[in-house]
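Shown next: run_28.pdb, containing PDB, C-alpha atoms.
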```pdb
ATOM      1  CA  MET A   1     196.486  45.736  64.787
ATOM      2  CA  LEU A   2     194.957  42.393  63.864
ATOM      3  CA  LEU A   3     193.994  41.482  67.437
ATOM      4  CA  PRO A   4     191.060  43.956  67.618
ATOM      5  CA  ILE A   5     189.477  42.652  64.392
ATOM      6  CA  PRO A   6     187.514  39.746  65.990
ATOM      7  CA  PHE A   7     185.852  42.247  68.338
ATOM      8  CA  SER A   8     185.114  44.503  65.385
ATOM      9  CA  PHE A   9     183.265  41.664  63.651
ATOM     10  CA  TYR A  10     181.546  40.473  66.822
ATOM     11  CA  TYR A  11     180.164  43.911  67.671
ATOM     12  CA  GLN A  12     179.674  44.784  63.973
ATOM     13  CA  SER A  13     181.366  48.124  64.544
ATOM     14  CA  GLY A  14     182.539  48.419  60.936
ATOM     15  CA  ASP A  15     186.131  49.367  61.694
ATOM     16  CA  HIS A  16     187.740  46.085  60.618
ATOM     17  CA  TRP A  17     188.788  47.424  57.231
ATOM     18  CA  ALA A  18     190.637  50.357  58.819
ATOM     19  CA  LEU A  19     192.533  47.950  61.067
ATOM     20  CA  LEU A  20     193.316  45.602  58.164
ATOM     21  CA  LEU A  21     194.605  48.394  55.927
ATOM     22  CA  SER A  22     196.674  49.826  58.778
ATOM     23  CA  ALA A  23     198.189  46.425  59.540
ATOM     24  CA  ALA A  24     198.976  45.880  55.857
ATOM     25  CA  ALA A  25     200.631  49.290  55.519
ATOM     26  CA  THR A  26     202.673  48.778  58.683
ATOM     27  CA  ALA A  27     203.776  45.286  57.633
ATOM     28  CA  THR A  28     204.732  46.485  54.142
ATOM     29  CA  VAL A  29     206.892  49.339  55.402
ATOM     30  CA  GLY A  30     208.412  47.104  58.084
ATOM     31  CA  ALA A  31     209.292  44.407  55.559
ATOM     32  CA  ALA A  32     210.836  46.964  53.213
ATOM     33  CA  LEU A  33     212.993  48.420  55.989
ATOM     34  CA  TYR A  34     214.050  44.934  57.054
ATOM     35  CA  LEU A  35     215.162  44.062  53.528
ATOM     36  CA  LEU A  36     217.132  47.302  53.278
ATOM     37  CA  THR A  37     218.866  46.824  56.650
ATOM     38  CA  ASP A  38     222.455  45.640  56.948
ATOM     39  CA  LEU A  39     222.114  42.937  59.604
ATOM     40  CA  ASN A  40     225.876  42.443  59.915
ATOM     41  CA  ARG A  41     226.470  45.970  61.138
ATOM     42  CA  THR A  42     227.094  46.518  64.858
ATOM     43  CA  LEU A  43     225.024  49.231  66.506
ATOM     44  CA  ARG A  44     226.829  52.016  68.336
ATOM     45  CA  ALA A  45     225.395  53.819  71.353
ATOM     46  CA  ARG A  46     224.508  56.922  69.340
ATOM     47  CA  GLU A  47     222.656  54.824  66.785
ATOM     48  CA  GLY A  48     220.832  52.998  69.571
ATOM     49  CA  PHE A  49     219.486  56.270  70.954
ATOM     50  CA  ALA A  50     218.464  57.391  67.470
ATOM     51  CA  ILE A  51     216.611  54.139  66.775
ATOM     52  CA  VAL A  52     214.727  54.325  70.075
ATOM     53  CA  THR A  53     213.760  57.958  69.447
ATOM     54  CA  PHE A  54     212.601  57.413  65.888
ATOM     55  CA  GLY A  55     211.090  54.090  66.920
ATOM     56  CA  TRP A  56     208.641  55.798  69.269
ATOM     57  CA  VAL A  57     207.702  58.289  66.560
ATOM     58  CA  ALA A  58     207.278  55.521  63.976
ATOM     59  CA  PHE A  59     205.177  53.320  66.282
ATOM     60  CA  SER A  60     202.917  56.244  67.110
ATOM     61  CA  THR A  61     202.624  57.329  63.478
ATOM     62  CA  PHE A  62     201.591  53.905  62.226
ATOM     63  CA  GLY A  63     199.492  53.361  65.339
ATOM     64  CA  SER A  64     197.486  56.436  64.351
ATOM     65  CA  LEU A  65     196.415  54.915  61.030
ATOM     66  CA  PRO A  66     193.338  52.987  62.288
ATOM     67  CA  TYR A  67     191.860  56.179  63.750
ATOM     68  CA  LEU A  68     192.589  58.178  60.610
ATOM     69  CA  LEU A  69     191.422  55.598  58.066
ATOM     70  CA  HIS A  70     188.179  54.984  59.915
ATOM     71  CA  GLY A  71     187.609  58.680  60.519
ATOM     72  CA  ALA A  72     186.936  58.304  64.230
ATOM     73  CA  ILE A  73     189.755  60.788  64.805
ATOM     74  CA  PRO A  74     190.109  62.714  61.519
ATOM     75  CA  SER A  75     192.978  64.950  62.617
ATOM     76  CA  PHE A  76     196.492  63.476  62.369
ATOM     77  CA  THR A  77     197.640  65.586  65.311
ATOM     78  CA  ASP A  78     194.841  64.265  67.512
ATOM     79  CA  ALA A  79     195.304  60.672  66.338
ATOM     80  CA  PHE A  80     199.066  60.876  66.918
ATOM     81  CA  PHE A  81     198.507  62.360  70.381
ATOM     82  CA  GLU A  82     196.035  59.606  71.304
ATOM     83  CA  THR A  83     198.401  56.891  70.107
ATOM     84  CA  MET A  84     201.506  58.373  71.719
ATOM     85  CA  SER A  85     199.570  58.784  74.957
ATOM     86  CA  GLY A  86     198.692  55.101  74.753
ATOM     87  CA  PHE A  87     202.182  53.822  74.012
ATOM     88  CA  THR A  88     203.720  56.015  76.720
ATOM     89  CA  THR A  89     200.919  55.081  79.178
ATOM     90  CA  THR A  90     200.315  58.771  79.836
ATOM     91  CA  GLY A  91     196.562  58.290  79.885
ATOM     92  CA  ALA A  92     195.736  61.705  78.400
ATOM     93  CA  THR A  93     193.076  61.679  75.694
ATOM     94  CA  ILE A  94     191.431  63.980  73.175
ATOM     95  CA  LEU A  95     188.243  61.881  73.127
ATOM     96  CA  THR A  96     185.153  63.310  74.787
ATOM     97  CA  ASP A  97     182.752  60.408  74.155
ATOM     98  CA  ILE A  98     184.596  57.117  74.639
ATOM     99  CA  GLU A  99     181.474  54.971  74.304
ATOM    100  CA  ALA A 100     180.824  56.311  70.803
ATOM    101  CA  MET A 101     184.084  54.812  69.530
ATOM    102  CA  PRO A 102     183.901  51.535  67.547
ATOM    103  CA  HIS A 103     184.835  48.465  69.578
ATOM    104  CA  GLY A 104     187.771  47.532  67.351
ATOM    105  CA  LEU A 105     189.367  50.940  67.778
ATOM    106  CA  LEU A 106     188.663  50.925  71.513
ATOM    107  CA  PHE A 107     190.461  47.607  71.800
ATOM    108  CA  TRP A 108     193.385  48.946  69.745
ATOM    109  CA  ARG A 109     193.493  52.034  71.962
ATOM    110  CA  SER A 110     193.714  49.887  75.097
ATOM    111  CA  LEU A 111     196.226  47.564  73.451
ATOM    112  CA  THR A 112     198.608  50.487  72.839
ATOM    113  CA  HIS A 113     198.536  51.014  76.594
ATOM    114  CA  TRP A 114     199.420  47.410  77.316
ATOM    115  CA  LEU A 115     202.235  47.304  74.764
ATOM    116  CA  GLY A 116     203.688  50.537  76.091
ATOM    117  CA  GLY A 117     203.365  49.424  79.709
ATOM    118  CA  MET A 118     206.335  47.096  79.500
ATOM    119  CA  GLY A 119     207.986  49.118  76.775
ATOM    120  CA  ILE A 120     207.841  48.624  73.031
ATOM    121  CA  ILE A 121     211.614  48.667  72.800
ATOM    122  CA  VAL A 122     211.914  45.954  75.460
ATOM    123  CA  LEU A 123     209.437  43.892  73.435
ATOM    124  CA  SER A 124     211.570  44.468  70.356
ATOM    125  CA  LEU A 125     214.613  43.160  72.219
ATOM    126  CA  ALA A 126     212.897  39.817  72.649
ATOM    127  CA  ILE A 127     212.238  39.628  68.900
ATOM    128  CA  LEU A 128     215.244  41.300  67.244
ATOM    129  CA  PRO A 129     217.699  38.420  67.848
ATOM    130  CA  PHE A 130     215.535  36.232  65.615
ATOM    131  CA  LEU A 131     216.067  38.837  62.894
ATOM    132  CA  GLY A 132     219.816  38.939  63.447
ATOM    133  CA  VAL A 133     219.873  42.318  65.207
ATOM    134  CA  GLY A 134     221.658  42.950  68.508
ATOM    135  CA  GLY A 135     219.740  44.755  71.214
ATOM    136  CA  MET A 136     222.084  46.040  73.918
ATOM    137  CA  GLN A 137     222.354  49.595  72.603
ATOM    138  CA  LEU A 138     218.579  49.781  72.257
ATOM    139  CA  PHE A 139     218.099  48.607  75.833
ATOM    140  CA  LYS A 140     220.572  51.171  77.185
ATOM    141  CA  ALA A 141     218.699  53.898  75.348
ATOM    142  CA  GLU A 142     215.314  52.714  76.611
ATOM    143  CA  VAL A 143     216.428  51.911  80.193
ATOM    144  CA  PRO A 144     219.379  54.195  81.039
ATOM    145  CA  GLY A 145     221.443  53.943  84.184
ATOM    146  CA  PRO A 146     223.351  51.271  86.105
ATOM    147  CA  VAL A 147     220.542  48.709  85.759
ATOM    148  CA  ALA A 148     221.217  48.395  82.036
ATOM    149  CA  ASP A 149     224.890  47.638  82.675
ATOM    150  CA  LYS A 150     224.029  44.874  85.153
ATOM    151  CA  LEU A 151     221.726  43.209  82.644
ATOM    152  CA  THR A 152     224.198  43.308  79.768
ATOM    153  CA  PRO A 153     225.143  39.590  79.605
ATOM    154  CA  ARG A 154     221.582  38.326  79.227
ATOM    155  CA  ILE A 155     219.595  41.203  77.808
ATOM    156  CA  THR A 156     217.415  39.122  75.495
ATOM    157  CA  GLU A 157     216.628  36.572  78.202
ATOM    158  CA  THR A 158     215.765  39.383  80.612
ATOM    159  CA  ALA A 159     213.377  40.952  78.100
ATOM    160  CA  LYS A 160     211.646  37.608  77.572
ATOM    161  CA  ILE A 161     211.298  37.010  81.322
ATOM    162  CA  LEU A 162     209.861  40.490  81.888
ATOM    163  CA  TRP A 163     207.294  40.014  79.144
ATOM    164  CA  GLY A 164     206.470  36.524  80.389
ATOM    165  CA  VAL A 165     205.682  37.815  83.881
ATOM    166  CA  TYR A 166     203.754  40.753  82.408
ATOM    167  CA  MET A 167     201.581  38.463  80.269
ATOM    168  CA  LEU A 168     200.992  36.054  83.162
ATOM    169  CA  LEU A 169     199.818  38.822  85.496
ATOM    170  CA  SER A 170     197.649  40.239  82.711
ATOM    171  CA  ALA A 171     196.030  36.846  82.140
ATOM    172  CA  VAL A 172     195.320  36.437  85.858
ATOM    173  CA  GLU A 173     193.698  39.868  86.063
ATOM    174  CA  ALA A 174     191.598  39.263  82.951
ATOM    175  CA  VAL A 175     190.306  35.965  84.382
ATOM    176  CA  LEU A 176     189.446  37.604  87.707
ATOM    177  CA  LEU A 177     187.546  40.372  85.921
ATOM    178  CA  LEU A 178     185.664  37.771  83.874
ATOM    179  CA  LEU A 179     184.746  35.925  87.062
ATOM    180  CA  GLY A 180     183.575  39.250  88.453
ATOM    181  CA  GLY A 181     181.006  39.566  85.689
ATOM    182  CA  MET A 182     182.735  41.625  83.009
ATOM    183  CA  THR A 183     182.470  40.788  79.334
ATOM    184  CA  LEU A 184     185.613  39.505  77.619
ATOM    185  CA  PHE A 185     185.992  42.805  75.773
ATOM    186  CA  ASP A 186     185.768  44.962  78.901
ATOM    187  CA  ALA A 187     187.915  42.562  80.930
ATOM    188  CA  LEU A 188     190.747  42.703  78.397
ATOM    189  CA  CYS A 189     190.544  46.460  77.888
ATOM    190  CA  HIS A 190     190.542  47.156  81.622
ATOM    191  CA  THR A 191     193.384  44.687  82.107
ATOM    192  CA  PHE A 192     195.447  46.496  79.481
ATOM    193  CA  GLY A 193     194.811  49.841  81.160
ATOM    194  CA  THR A 194     195.473  48.770  84.745
ATOM    195  CA  MET A 195     198.506  46.569  84.078
ATOM    196  CA  ALA A 196     200.099  49.429  82.160
ATOM    197  CA  THR A 197     198.990  51.907  84.877
ATOM    198  CA  GLY A 198     197.744  54.202  82.136
ATOM    199  CA  GLY A 199     194.047  54.390  82.901
ATOM    200  CA  TYR A 200     192.421  53.961  79.484
ATOM    201  CA  SER A 201     188.917  52.564  79.844
ATOM    202  CA  THR A 202     185.905  51.665  77.715
TER
END
```
Could you take the file, read its structure, and then write that structure out as structure tokens?
Amino acid sequence: MLLPIPFSFYYQSGDHWALLLSAAATATVGAALYLLTDLNRTLRAREGFAIVTFGWVAFSTFGSLPYLLHGAIPSFTDAFFETMSGFTTTGATILTDIEAMPHGLLFWRSLTHWLGGMGIIVLSLAILPFLGVGGMQLFKAEVPGPVADKLTPRITETAKILWGVYMLLSAVEAVLLLLGGMTLFDALCHTFGTMATGGYST
């Protein structure tokens, strides 16, 4: 939620405070949950599925905060739908006038696409080991089937490789769009939408 703030200041769209408050609220709740978590406990398959399910709901709920706090999308249902659509790369939207949205929120909207394109849970798998949390059950819940079993020995390394390739391809596309005449803002937003195959635009 902090990444869109420079664009908010640059375009003077006035949504930086909504992004800052949302980031602070998300970080506070996340830190509290981390402190209350028993890191020595081994996750079972059932718990892995539960965490993935509630994880999507939690990500979308907190991801809705910038829209709600700014007032660009005053309805929680609409804000939740827009955010969930972004994270799941569905591409559906409740917005009728995209260009009227503040630049910071537009960037956040596109960023939800990009994060969801590779999978938020897969991203978490690359980070959780640093927090002392195992990730195999989460991966099986996010990517079911025989593929998950084949990747069991090196799940964290696999997640890091996938995200590395994803970021590299995204960087290449953004540079090509810049060379094609797009502004940095539009190049990044369109990169997020196309790499995630979701279709969000500016």
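For the set A:Ala159, A:Tyr200, A:Ala27, A:His70, the residue with the smallest atom-to-atom gap to Glu82 in chain A is A:Tyr200, counting all atoms listed in the file.
Once the PyMOL selection byres ((chain A and resi 187) around 12) is applied to the depicted file, the selected set reads A:Phe107, A:Ser110, A:Ser170, A:Ala171, A:Val172, A:Glu173, A:Ala174, A:Val175, A:Leu176, A:Leu177, A:Leu178, A:Leu179, A:Gly180, A:Gly181, A:Met182, A:Thr183, A:Leu184, A:Phe185, A:Asp186, A:Leu188, A:Cys189, A:His190, A:Thr191, A:Phe192, A:Gly193, A:Thr194, A:Met195, A:Ser201, A:Thr202.
CA of Thr77 in chain A is positioned 22.7 Å from CA of Pro4 in chain A.
Distances here use all atoms listed in the file; by that measure, the residue among A:Trp114, A:Pro6, A:Ser64, A:Ala72 closest to Ile98 in chain A is A:Ala72.
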**OP:** Measuring atom to atom with all atoms listed in the file, identify which of A:Lys160, A:Leu68, A:Phe54, A:Ala196 is nearest to Gly117 in chain A.
**Re:** A:Ala196
Subject >> Residue nearest Val57 in chain A - candidates A:Phe81, A:Tyr166, A:Trp108, A:Phe7, atoms counted: only C-alpha atoms >> reply: A:Phe81
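In this structure, CA of Gly198 in chain A sits 11.0 Å away from CA of Leu111 in chain A.
Near Ala24 in chain A, within a cut-off of 12 Å and counting all atoms listed in the file, sit the residues Met1, Leu2, Trp17, Ala18, Leu19, Val29, Gly30, Ala31, Phe62, Leu65 and Pro66 of chain A, with same-chain residues fewer than 5 positions away left out.
Counting all atoms listed in the file and comparing A:Thr88, A:Asp15, A:Arg44, A:Val165, the residue that lies closest to Thr112 in chain A is A:Thr88.
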Original post:
How would you write, as a list in words, the residues chosen by the PyMOL selection byres ((chain A and resi 11) around 12) on this structure?
Top reply: Pro4, Ile5, Pro6, Phe7, Ser8, Phe9, Tyr10, Gln12, Ser13, Gly14, Asp15, His16, Met101, Pro102, His103, Gly104, Leu105, Leu106, Phe107 and Phe185 of chain A
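Between CA of Thr90 in chain A and CA of Leu3 in chain A lies a distance of 22.2 Å.
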